[in-house]
$ cat start-v8.cif   # mmCIF, C-alpha atoms (C1' of nucleotides) and all ligand atoms
data_upload
loop_
_atom_site.label_atom_id
_atom_site.label_comp_id
_atom_site.auth_asym_id
_atom_site.auth_seq_id
_atom_site.Cartn_x
_atom_site.Cartn_y
_atom_site.Cartn_z
CA MET N 1085 32.77 -20.10 8.14
CA SER N 1086 29.48 -18.31 8.56
CA THR N 1087 29.62 -15.41 6.14
CA PRO N 1088 27.36 -15.77 3.14
CA ALA N 1089 29.18 -16.00 -0.14
CA ILE N 1090 26.57 -16.17 -2.84
CA HIS N 1091 26.74 -12.59 -3.94
CA SER N 1092 30.10 -12.35 -5.68
CA ASP N 1093 30.73 -9.13 -3.81
CA ALA N 1094 28.48 -7.01 -5.93
CA LEU N 1095 27.17 -5.99 -2.54
CA ALA N 1096 30.54 -4.85 -1.19
CA GLN N 1097 31.10 -2.91 -4.37
CA LYS N 1098 27.75 -1.14 -4.40
CA LEU N 1099 27.98 -0.32 -0.73
CA ALA N 1100 31.43 1.14 -1.20
CA ASP N 1101 30.19 3.14 -4.16
CA SER N 1102 27.53 4.64 -1.91
CA GLY N 1103 29.93 5.29 0.94
CA LEU N 1104 28.20 2.72 3.14
CA ARG N 1105 29.67 -0.03 5.28
CA ASN N 1106 29.41 -3.70 4.65
CA THR N 1107 27.88 -5.41 7.66
CA PRO N 1108 26.94 -9.02 8.45
CA GLN N 1109 23.32 -7.98 8.65
CA ARG N 1110 23.39 -6.52 5.16
CA GLU N 1111 25.16 -9.59 3.79
CA PHE N 1112 22.75 -12.05 5.32
CA VAL N 1113 19.72 -10.08 4.24
CA TYR N 1114 20.96 -9.81 0.68
CA ASP N 1115 21.91 -13.47 0.69
CA ALA N 1116 18.48 -14.49 1.88
CA LEU N 1117 16.98 -12.68 -1.09
CA LEU N 1118 19.38 -14.32 -3.53
CA LYS N 1119 19.01 -17.80 -2.08
CA LYS N 1120 15.23 -18.03 -2.35
CA ARG N 1121 13.92 -15.66 -4.97
CA ASP N 1122 10.26 -15.83 -4.10
CA HIS N 1123 9.77 -12.12 -3.42
CA PRO N 1124 9.56 -12.42 0.36
CA THR N 1125 8.15 -9.76 2.64
CA ALA N 1126 10.27 -8.05 5.29
CA ASP N 1127 8.81 -10.41 7.88
CA GLU N 1128 9.72 -13.42 5.82
CA VAL N 1129 13.25 -12.15 5.31
CA TYR N 1130 13.45 -11.55 9.05
CA ALA N 1131 12.42 -15.15 9.78
CA ARG N 1132 14.94 -16.55 7.31
CA VAL N 1133 17.86 -14.45 8.44
CA LYS N 1134 17.14 -15.05 12.11
CA THR N 1135 18.06 -18.70 11.71
CA GLN N 1136 21.59 -17.59 10.90
CA LEU N 1137 21.84 -14.33 12.82
CA PRO N 1138 19.54 -14.93 15.80
CA GLY N 1139 20.15 -11.48 17.23
CA ILE N 1140 19.04 -9.49 14.22
CA SER N 1141 16.08 -7.18 14.72
CA LEU N 1142 13.14 -6.54 12.43
CA ALA N 1143 14.06 -2.86 12.33
CA THR N 1144 17.46 -3.82 10.99
CA VAL N 1145 15.91 -6.01 8.34
CA TYR N 1146 13.86 -3.01 7.22
CA ASN N 1147 16.97 -0.86 7.31
CA CYS N 1148 19.01 -3.33 5.30
CA LEU N 1149 16.30 -3.83 2.69
CA GLU N 1150 16.00 -0.08 2.30
CA THR N 1151 19.76 0.16 1.88
CA LEU N 1152 19.77 -2.56 -0.78
CA VAL N 1153 17.02 -0.73 -2.64
CA GLN N 1154 19.01 2.52 -2.49
CA CYS N 1155 22.05 0.69 -3.85
CA ASP N 1156 19.99 -0.60 -6.79
CA LEU N 1157 20.61 -4.21 -5.84
CA VAL N 1158 17.02 -4.94 -4.94
CA ARG N 1159 13.59 -3.77 -6.05
CA ALA N 1160 10.68 -3.13 -3.70
CA VAL N 1161 7.52 -4.58 -5.20
CA ASN N 1162 4.04 -3.53 -4.14
CA PHE N 1163 0.69 -5.10 -4.91
CA GLU N 1164 -2.23 -3.00 -3.81
CA ARG N 1165 -1.83 -2.54 -0.08
CA ALA N 1166 -0.19 -5.85 0.72
CA PRO N 1167 3.17 -5.83 2.52
CA THR N 1168 6.07 -4.80 0.33
CA ARG N 1169 7.98 -7.64 -1.30
CA TYR N 1170 11.64 -7.65 -2.27
CA CYS N 1171 13.23 -8.81 -5.51
CA PRO N 1172 16.95 -9.15 -6.32
CA ASN N 1173 16.38 -9.76 -10.05
CA GLN N 1174 18.34 -7.06 -11.85
CA HIS N 1175 17.03 -7.73 -15.34
CA PRO N 1176 14.20 -5.52 -16.57
CA HIS N 1177 11.09 -7.46 -15.70
CA ALA N 1178 7.43 -7.17 -14.83
CA HIS N 1179 5.65 -8.85 -11.91
CA PHE N 1180 2.74 -11.22 -12.03
CA HIS N 1181 0.79 -11.61 -8.82
CA ASP N 1182 -1.24 -14.79 -8.56
CA GLU N 1183 -4.22 -13.98 -6.38
CA SER N 1184 -5.08 -17.56 -5.60
CA THR N 1185 -1.67 -18.69 -4.39
CA GLY N 1186 -0.28 -15.33 -3.29
CA SER N 1187 2.85 -16.05 -5.28
CA THR N 1188 4.76 -13.54 -7.35
CA HIS N 1189 6.40 -14.35 -10.68
CA ASP N 1190 9.00 -12.46 -12.67
CA ILE N 1191 8.05 -11.83 -16.29
CA GLU N 1192 11.01 -11.02 -18.48
CA LEU N 1193 10.53 -8.05 -20.78
CA PRO N 1194 11.41 -8.44 -24.46
CA PRO N 1195 14.09 -6.01 -25.62
CA GLY N 1196 12.63 -2.72 -26.75
CA LEU N 1197 9.38 -2.98 -24.86
CA LEU N 1198 10.50 -0.67 -22.09
CA ALA N 1199 11.53 1.91 -24.67
CA LYS N 1200 8.21 1.57 -26.44
CA ILE N 1201 6.36 2.00 -23.16
CA LYS N 1202 8.42 5.01 -22.24
CA GLY N 1203 7.53 6.37 -25.66
CA ILE N 1204 3.89 6.81 -24.76
CA LEU N 1205 4.73 9.62 -22.37
CA PRO N 1206 3.87 13.09 -23.70
CA PRO N 1207 6.77 15.54 -24.17
CA GLY N 1208 8.13 16.89 -20.92
CA TYR N 1209 7.51 13.79 -18.86
CA ASP N 1210 10.70 12.26 -17.50
CA ALA N 1211 10.25 8.80 -16.01
CA GLU N 1212 12.78 7.63 -13.45
CA ALA N 1213 11.04 4.31 -12.90
CA ILE N 1214 8.47 2.17 -14.65
CA GLU N 1215 6.43 -0.51 -12.93
CA LEU N 1216 4.46 -3.08 -14.84
CA THR N 1217 2.38 -5.47 -12.81
CA PHE N 1218 -0.16 -8.13 -13.65
CA ARG N 1219 -2.74 -9.68 -11.40
CA GLY N 1220 -4.51 -12.92 -12.22
CA LYS N 1221 -4.10 -16.66 -12.42
CA ALA N 1222 -0.72 -18.21 -13.11
CA PRO N 1223 -0.25 -21.71 -14.50
CA PRO N 1224 0.34 -24.57 -12.03
CA SER N 1225 4.01 -24.54 -11.04
CA ARG N 1226 4.53 -28.25 -11.97
CA MET V 119 -32.23 20.14 -5.18
CA SER V 120 -29.21 18.63 -3.55
CA THR V 121 -28.63 15.39 -5.40
CA PRO V 122 -25.54 15.38 -7.60
CA ALA V 123 -26.28 15.02 -11.29
CA ILE V 124 -22.95 14.78 -13.04
CA HIS V 125 -22.89 11.08 -13.50
CA SER V 126 -25.56 10.46 -16.11
CA ASP V 127 -26.83 7.58 -14.01
CA ALA V 128 -24.09 5.20 -14.97
CA LEU V 129 -23.88 4.78 -11.23
CA ALA V 130 -27.52 3.78 -10.77
CA GLN V 131 -27.17 1.34 -13.60
CA LYS V 132 -24.01 -0.33 -12.34
CA LEU V 133 -25.33 -0.53 -8.80
CA ALA V 134 -28.53 -2.14 -10.03
CA ASP V 135 -26.51 -4.58 -12.12
CA SER V 136 -24.68 -5.61 -8.97
CA GLY V 137 -27.84 -5.84 -6.86
CA LEU V 138 -26.75 -2.90 -4.72
CA ARG V 139 -28.75 0.12 -3.59
CA ASN V 140 -28.21 3.63 -4.75
CA THR V 141 -27.60 5.88 -1.76
CA PRO V 142 -26.87 9.58 -1.35
CA GLN V 143 -23.49 8.69 0.10
CA ARG V 144 -22.54 6.67 -2.95
CA GLU V 145 -23.76 9.41 -5.29
CA PHE V 146 -21.85 12.17 -3.54
CA VAL V 147 -18.67 10.12 -3.32
CA TYR V 148 -18.81 9.23 -7.00
CA ASP V 149 -19.64 12.82 -7.88
CA ALA V 150 -16.68 14.10 -5.91
CA LEU V 151 -14.41 11.87 -7.96
CA LEU V 152 -15.92 13.01 -11.24
CA LYS V 153 -15.92 16.69 -10.35
CA LYS V 154 -12.23 16.96 -9.54
CA ARG V 155 -10.24 14.23 -11.20
CA ASP V 156 -7.03 14.64 -9.33
CA HIS V 157 -6.85 11.11 -7.93
CA PRO V 158 -7.76 12.03 -4.36
CA THR V 159 -7.16 9.82 -1.36
CA ALA V 160 -10.04 8.53 0.78
CA ASP V 161 -9.35 11.31 3.27
CA GLU V 162 -9.53 13.93 0.55
CA VAL V 163 -12.78 12.50 -0.76
CA TYR V 164 -14.09 12.53 2.79
CA ALA V 165 -13.23 16.22 3.20
CA ARG V 166 -14.86 17.12 -0.12
CA VAL V 167 -18.06 15.17 0.43
CA LYS V 168 -18.44 16.38 4.00
CA THR V 169 -19.11 19.90 2.75
CA GLN V 170 -22.27 18.57 1.13
CA LEU V 171 -23.16 15.67 3.42
CA PRO V 172 -21.82 16.81 6.78
CA GLY V 173 -22.93 13.65 8.52
CA ILE V 174 -21.03 11.20 6.34
CA SER V 175 -18.40 9.09 8.08
CA LEU V 176 -14.94 8.16 6.92
CA ALA V 177 -15.88 4.49 7.17
CA THR V 178 -18.70 5.12 4.74
CA VAL V 179 -16.38 6.88 2.33
CA TYR V 180 -14.15 3.81 2.39
CA ASN V 181 -17.20 1.60 1.90
CA CYS V 182 -18.48 3.66 -1.01
CA LEU V 183 -15.11 3.79 -2.73
CA GLU V 184 -14.80 0.03 -2.38
CA THR V 185 -18.28 -0.37 -3.86
CA LEU V 186 -17.41 1.88 -6.80
CA VAL V 187 -14.30 -0.16 -7.44
CA GLN V 188 -16.31 -3.40 -7.36
CA CYS V 189 -18.76 -1.90 -9.84
CA ASP V 190 -15.90 -1.04 -12.20
CA LEU V 191 -16.66 2.63 -12.10
CA VAL V 192 -13.49 3.60 -10.31
CA ARG V 193 -9.93 2.35 -10.13
CA ALA V 194 -7.87 2.17 -6.97
CA VAL V 195 -4.37 3.44 -7.67
CA ASN V 196 -1.39 2.67 -5.46
CA PHE V 197 2.08 4.18 -5.46
CA GLU V 198 4.47 2.36 -3.22
CA ARG V 199 2.97 2.51 0.26
CA ALA V 200 1.25 5.86 -0.03
CA PRO V 201 -2.49 6.06 0.68
CA THR V 202 -4.63 4.60 -2.09
CA ARG V 203 -5.90 7.09 -4.66
CA TYR V 204 -9.09 6.84 -6.65
CA CYS V 205 -9.61 7.42 -10.37
CA PRO V 206 -12.90 7.51 -12.28
CA ASN V 207 -11.25 7.52 -15.73
CA GLN V 208 -12.67 4.52 -17.56
CA HIS V 209 -10.33 4.61 -20.55
CA PRO V 210 -7.32 2.31 -20.52
CA HIS V 211 -4.56 4.44 -19.09
CA ALA V 212 -1.35 4.39 -17.14
CA HIS V 213 -0.46 6.58 -14.15
CA PHE V 214 2.41 8.96 -13.80
CA HIS V 215 3.33 9.92 -10.26
CA ASP V 216 5.27 13.16 -9.94
CA GLU V 217 7.44 12.79 -6.86
CA SER V 218 8.12 16.50 -6.46
CA THR V 219 4.54 17.71 -6.54
CA GLY V 220 2.81 14.55 -5.37
CA SER V 221 0.41 14.86 -8.29
CA THR V 222 -0.85 11.98 -10.39
CA HIS V 223 -1.41 12.19 -14.14
CA ASP V 224 -3.35 9.93 -16.45
CA ILE V 225 -1.38 8.72 -19.47
CA GLU V 226 -3.58 7.50 -22.29
CA LEU V 227 -2.51 4.19 -23.82
CA PRO V 228 -2.25 3.96 -27.60
CA PRO V 229 -4.52 1.30 -29.07
CA GLY V 230 -2.89 -2.08 -29.17
CA LEU V 231 -0.34 -1.44 -26.47
CA LEU V 232 -2.28 -3.28 -23.81
CA ALA V 233 -2.58 -6.28 -26.12
CA LYS V 234 1.13 -6.14 -26.86
CA ILE V 235 1.92 -5.98 -23.17
CA LYS V 236 -0.40 -8.85 -22.39
CA GLY V 237 1.42 -10.74 -25.14
CA ILE V 238 4.63 -10.94 -23.14
CA LEU V 239 3.03 -13.35 -20.67
CA PRO V 240 4.17 -16.96 -21.10
CA PRO V 241 1.49 -19.50 -21.99
CA GLY V 242 -0.84 -20.34 -19.12
CA TYR V 243 -0.78 -16.92 -17.50
CA ASP V 244 -4.18 -15.27 -17.42
CA ALA V 245 -4.09 -11.59 -16.46
CA GLU V 246 -7.24 -10.06 -15.00
CA ALA V 247 -5.66 -6.68 -14.51
CA ILE V 248 -2.61 -4.81 -15.73
CA GLU V 249 -1.10 -1.83 -13.95
CA LEU V 250 1.42 0.44 -15.61
CA THR V 251 2.85 3.19 -13.47
CA PHE V 252 5.59 5.74 -13.97
CA ARG V 253 7.42 7.70 -11.33
CA GLY V 254 9.41 10.81 -12.13
CA LYS V 255 9.18 14.47 -13.05
CA ALA V 256 6.18 15.78 -14.94
CA PRO V 257 6.23 19.00 -16.97
CA PRO V 258 4.96 22.20 -15.33
CA SER V 259 1.17 22.16 -15.48
CA ARG V 260 0.81 25.62 -17.16
"C1'" DT U 936 43.83 4.74 21.77
"C1'" DC U 937 40.52 8.48 20.85
"C1'" DC U 938 37.05 10.37 18.19
"C1'" DT U 939 33.60 10.50 14.96
"C1'" DT U 940 30.35 8.44 12.24
"C1'" DC U 941 27.64 4.68 10.91
"C1'" DT U 942 24.81 0.88 12.25
"C1'" DT U 943 21.99 -1.90 15.02
"C1'" DT U 944 18.61 -2.61 18.43
"C1'" DA U 945 14.16 -2.68 21.30
"C1'" DG U 946 10.33 -0.69 21.80
"C1'" DA U 947 7.11 3.09 21.08
"C1'" DA U 948 4.63 5.68 17.68
"C1'" DT U 949 2.32 6.36 13.37
"C1'" DT U 950 -1.41 5.83 10.24
"C1'" DA U 951 -4.07 3.94 6.47
"C1'" DT U 952 -7.38 0.78 6.59
"C1'" DT U 953 -10.55 -2.67 8.45
"C1'" DC U 954 -13.58 -4.43 11.83
"C1'" DC U 955 -17.47 -4.27 14.97
"C1'" DA U 956 -21.84 -3.60 17.10
"C1'" DA U 957 -25.52 -0.55 17.13
"C1'" DT U 958 -28.59 2.23 14.52
"C1'" DT U 959 -30.81 3.75 10.33
"C1'" DT U 960 -32.64 3.27 5.76
"C1'" DC U 961 -35.25 1.19 2.42
"C1'" DA U 962 -37.69 -1.86 -0.63
"C1'" DA U 963 -40.81 -5.65 -0.55
"C1'" DC U 964 -44.81 -7.62 1.12
"C1'" DT U 965 -48.83 -7.83 3.68
"C1'" DA G 1354 -50.22 2.34 5.85
"C1'" DG G 1355 -47.71 -0.94 8.75
"C1'" DT G 1356 -44.37 -4.81 9.20
"C1'" DT G 1357 -40.19 -6.87 8.30
"C1'" DG G 1358 -35.67 -8.39 6.88
"C1'" DA G 1359 -31.68 -7.12 4.36
"C1'" DA G 1360 -28.53 -3.62 3.19
"C1'" DA G 1361 -26.11 0.46 4.43
"C1'" DT G 1362 -24.22 3.83 7.52
"C1'" DT G 1363 -21.97 5.30 11.64
"C1'" DG G 1364 -18.49 6.11 15.53
"C1'" DG G 1365 -15.19 4.11 17.65
"C1'" DA G 1366 -12.03 0.36 18.52
"C1'" DA G 1367 -8.71 -2.70 16.50
"C1'" DT G 1368 -5.16 -4.05 13.15
"C1'" DA G 1369 -0.75 -4.21 11.12
"C1'" DA G 1370 3.05 -2.69 8.15
"C1'" DT G 1371 6.26 0.53 8.62
"C1'" DT G 1372 8.84 4.32 10.69
"C1'" DC G 1373 10.74 6.74 14.46
"C1'" DT G 1374 13.56 7.39 18.63
"C1'" DA G 1375 17.05 7.10 21.81
"C1'" DA G 1376 20.56 4.29 23.50
"C1'" DA G 1377 24.22 0.96 22.79
"C1'" DG G 1378 27.52 -1.22 19.74
"C1'" DA G 1379 30.91 -1.55 15.72
"C1'" DA G 1380 34.37 0.40 12.71
"C1'" DG G 1381 37.81 3.26 10.56
"C1'" DG G 1382 40.98 7.04 10.51
"C1'" DA G 1383 44.06 10.26 13.02
MN MN R 1401 -2.70 -10.57 -3.16
MN MN R 1402 4.96 9.97 -3.75
ZN ZN R 1403 10.95 -9.68 -9.43
ZN ZN R 1404 -6.26 7.65 -13.53
#

$ encode --input "start-v8.cif" --output "structure tokens"
Amino acid sequence: MSTPAIHSDALAQKLADSGLRNTPQREFVYDALLKKRDHPTADEVYARVKTQLPGISLATVYNCLETLVQCDLVRAVNFERAPTRYCPNQHPHAHFHDESTGSTHDIELPPGLLAKIKGILPPGYDAEAIELTFRGKAPPSR
Amino acid sequence: MSTPAIHSDALAQKLADSGLRNTPQREFVYDALLKKRDHPTADEVYARVKTQLPGISLATVYNCLETLVQCDLVRAVNFERAPTRYCPNQHPHAHFHDESTGSTHDIELPPGLLAKIKGILPPGYDAEAIELTFRGKAPPSR
DNA sequence: TCCTTCTTTAGAATTATTCCAATTTCAACT
DNA sequence: AGTTGAAATTGGAATAATTCTAAAGAAGGA
């Protein structure tokens, strides 16, 4: 069998919730993100999925990633003007971008920090999304 | 006299510190940022400076903005994949991006918050820069 | 099956930014 | 004051991530 199975059908559920169809392309793209959680770019996802779905197009990869972001299964992560990276980690977390290696690390947020951060907003500000990103040197991966 | 004078020569100082020359283009670009602190894009800076230095080129505006960023006089601010915006506010602050108006607001950080945020990094991580950005609805400007 | 809608696809278009080669500016040194 | 080499500016070409477009391919319900 060739259908990916990692995702415990959270995908099917979220797609249904949004009135969208479940397609092989969407499954393979989501699976690629779950299988290697290194915040790949669209191009990198394209290369990985192509080994399993040789006919998939880059446009479709962009479409699928956008769909997954809409469904709240994936976050789009941007560092300066570098290509967008994609992250399936659903826990509240920050991103650390290591300039020297180009790698991206998830930094878990302690409970309450997001609330405290949101608390700095003056009255009347309503934040839908908060992004916290670090840039610097990460420890050797060992 | 046609030389801008807003900037109390912090510019001349920082340029000298970096071994760079002070030029009219750099002065006018920096002045444009200080005069209207609405986080303009490079194109917007170009349009504003052109009224005073009609011969300036867009490439030079990009060069000057990059120089100002290197000198730590200006921050480059990115929201998703929108054009980079430029901010001369030197205080530690976050950015709030209002989706409906497209406007960007500075959010002052309470003392200690940056340290607390930096404190969530596991041992070995060394952050050179921290970006905190909000996206949502800001109150009417009144 | 028919019909409608959603999705995928290839390739063209967009566009912010960077690159390049040719001038211009400028400060240092005769 | 004139020379000179480095730094800076300029216009235009190039780059590259992403989006758009129009056509073809699923899929689900009547
Ligand atoms: Mn980087
Ligand atoms: Mn926006
Ligand atoms: Zn992540
Ligand atoms: Zn700012």

$ residues_around --input "start-v8.cif" --residues "V:Glu145" --least-positions-apart "4" --cutoff "12 Å" --atoms "only C-alpha atoms (C1' of nucleotides)" --output "PyMOL selection string"
chain V and resi 120-130+133+139-141+149-153+167+170-171+179+182-183+185-186+191

$ residues_near_ligand --input "start-v8.cif" --ligand "ligand MN 1401 (chain R)" --cutoff "9 Å" --atoms "all atoms listed in the file" --output "mmCIF file with C-alpha atoms, in the frame of the given file"
data_model
loop_
_atom_site.group_PDB
_atom_site.id
_atom_site.type_symbol
_atom_site.label_atom_id
_atom_site.label_comp_id
_atom_site.auth_asym_id
_atom_site.auth_seq_id
_atom_site.Cartn_x
_atom_site.Cartn_y
_atom_site.Cartn_z
ATOM 1 C CA PHE N 1163 0.690 -5.100 -4.910
ATOM 2 C CA GLU N 1164 -2.230 -3.000 -3.810
ATOM 3 C CA ARG N 1165 -1.830 -2.540 -0.080
ATOM 4 C CA ALA N 1166 -0.190 -5.850 0.720
ATOM 5 C CA HIS N 1181 0.790 -11.610 -8.820
ATOM 6 C CA ASP N 1182 -1.240 -14.790 -8.560
ATOM 7 C CA GLU N 1183 -4.220 -13.980 -6.380
ATOM 8 C CA SER N 1184 -5.080 -17.560 -5.600
ATOM 9 C CA THR N 1185 -1.670 -18.690 -4.390
ATOM 10 C CA GLY N 1186 -0.280 -15.330 -3.290
ATOM 11 C CA SER N 1187 2.850 -16.050 -5.280
ATOM 12 C CA ARG N 1219 -2.740 -9.680 -11.400
#

$ interface_residues --input "start-v8.cif" --of "chain V" --to "chain U" --cutoff "12 Å" --atoms "all atoms listed in the file" --output "PyMOL selection string"
chain V and resi 138-142+159-161+176-181+184+199-203

$ closest_residue --input "start-v8.cif" --among "V:Gln188, V:Asn196, V:Thr222, V:Asn207" --to "chain N" --atoms "all atoms listed in the file"
V:Asn196

$ interface_residues --input "start-v8.cif" --of "chain G" --to "chain N" --cutoff "10 Å" --atoms "only C-alpha atoms (C1' of nucleotides)" --output "PyMOL selection string"
chain G and resi 1369-1372+1379-1380

$ decode --input "start-v8.cif" --residues "stretch 1212-1223 of chain N" --atoms "N, CA, C and O atoms" --output "PDB file, in the first residue's frame"
ATOM      1  N   GLU N1212      -4.442  38.069  16.635  1.00  0.00           N
ATOM      2  CA  GLU N1212      -4.846  36.751  16.142  1.00  0.00           C
ATOM      3  C   GLU N1212      -3.674  35.785  16.189  1.00  0.00           C
ATOM      4  O   GLU N1212      -3.855  34.590  16.334  1.00  0.00           O
ATOM      5  N   ALA N1213      -2.484  36.298  15.993  1.00  0.00           N
ATOM      6  CA  ALA N1213      -1.301  35.440  15.915  1.00  0.00           C
ATOM      7  C   ALA N1213      -0.111  36.143  16.536  1.00  0.00           C
ATOM      8  O   ALA N1213       0.004  37.371  16.474  1.00  0.00           O
ATOM      9  N   ILE N1214       0.750  35.355  17.153  1.00  0.00           N
ATOM     10  CA  ILE N1214       1.974  35.882  17.738  1.00  0.00           C
ATOM     11  C   ILE N1214       3.132  35.065  17.205  1.00  0.00           C
ATOM     12  O   ILE N1214       3.077  33.833  17.204  1.00  0.00           O
ATOM     13  N   GLU N1215       4.152  35.744  16.742  1.00  0.00           N
ATOM     14  CA  GLU N1215       5.349  35.060  16.253  1.00  0.00           C
ATOM     15  C   GLU N1215       6.537  35.488  17.093  1.00  0.00           C
ATOM     16  O   GLU N1215       6.767  36.691  17.269  1.00  0.00           O
ATOM     17  N   LEU N1216       7.254  34.510  17.588  1.00  0.00           N
ATOM     18  CA  LEU N1216       8.465  34.810  18.346  1.00  0.00           C
ATOM     19  C   LEU N1216       9.619  34.070  17.693  1.00  0.00           C
ATOM     20  O   LEU N1216       9.596  32.840  17.612  1.00  0.00           O
ATOM     21  N   THR N1217      10.575  34.818  17.200  1.00  0.00           N
ATOM     22  CA  THR N1217      11.687  34.168  16.503  1.00  0.00           C
ATOM     23  C   THR N1217      13.022  34.690  17.019  1.00  0.00           C
ATOM     24  O   THR N1217      13.171  35.874  17.320  1.00  0.00           O
ATOM     25  N   PHE N1218      13.967  33.768  17.105  1.00  0.00           N
ATOM     26  CA  PHE N1218      15.327  34.080  17.510  1.00  0.00           C
ATOM     27  C   PHE N1218      16.247  33.839  16.331  1.00  0.00           C
ATOM     28  O   PHE N1218      16.001  32.967  15.495  1.00  0.00           O
ATOM     29  N   ARG N1219      17.325  34.601  16.289  1.00  0.00           N
ATOM     30  CA  ARG N1219      18.358  34.361  15.299  1.00  0.00           C
ATOM     31  C   ARG N1219      19.687  34.334  16.034  1.00  0.00           C
ATOM     32  O   ARG N1219      19.920  35.175  16.910  1.00  0.00           O
ATOM     33  N   GLY N1220      20.532  33.391  15.734  1.00  0.00           N
ATOM     34  CA  GLY N1220      21.819  33.326  16.423  1.00  0.00           C
ATOM     35  C   GLY N1220      22.493  31.990  16.226  1.00  0.00           C
ATOM     36  O   GLY N1220      22.323  31.348  15.187  1.00  0.00           O
ATOM     37  N   LYS N1221      23.261  31.606  17.248  1.00  0.00           N
ATOM     38  CA  LYS N1221      24.032  30.374  17.151  1.00  0.00           C
ATOM     39  C   LYS N1221      23.425  29.322  18.083  1.00  0.00           C
ATOM     40  O   LYS N1221      23.276  29.560  19.271  1.00  0.00           O
ATOM     41  N   ALA N1222      23.119  28.178  17.500  1.00  0.00           N
ATOM     42  CA  ALA N1222      22.570  27.074  18.284  1.00  0.00           C
ATOM     43  C   ALA N1222      23.701  26.139  18.688  1.00  0.00           C
ATOM     44  O   ALA N1222      24.757  26.117  18.057  1.00  0.00           O
ATOM     45  N   PRO N1223      23.489  25.362  19.739  1.00  0.00           N
ATOM     46  CA  PRO N1223      24.537  24.430  20.164  1.00  0.00           C
ATOM     47  C   PRO N1223      24.720  23.327  19.127  1.00  0.00           C
ATOM     48  O   PRO N1223      23.798  23.033  18.369  1.00  0.00           O
TER      49      PRO N1223
END
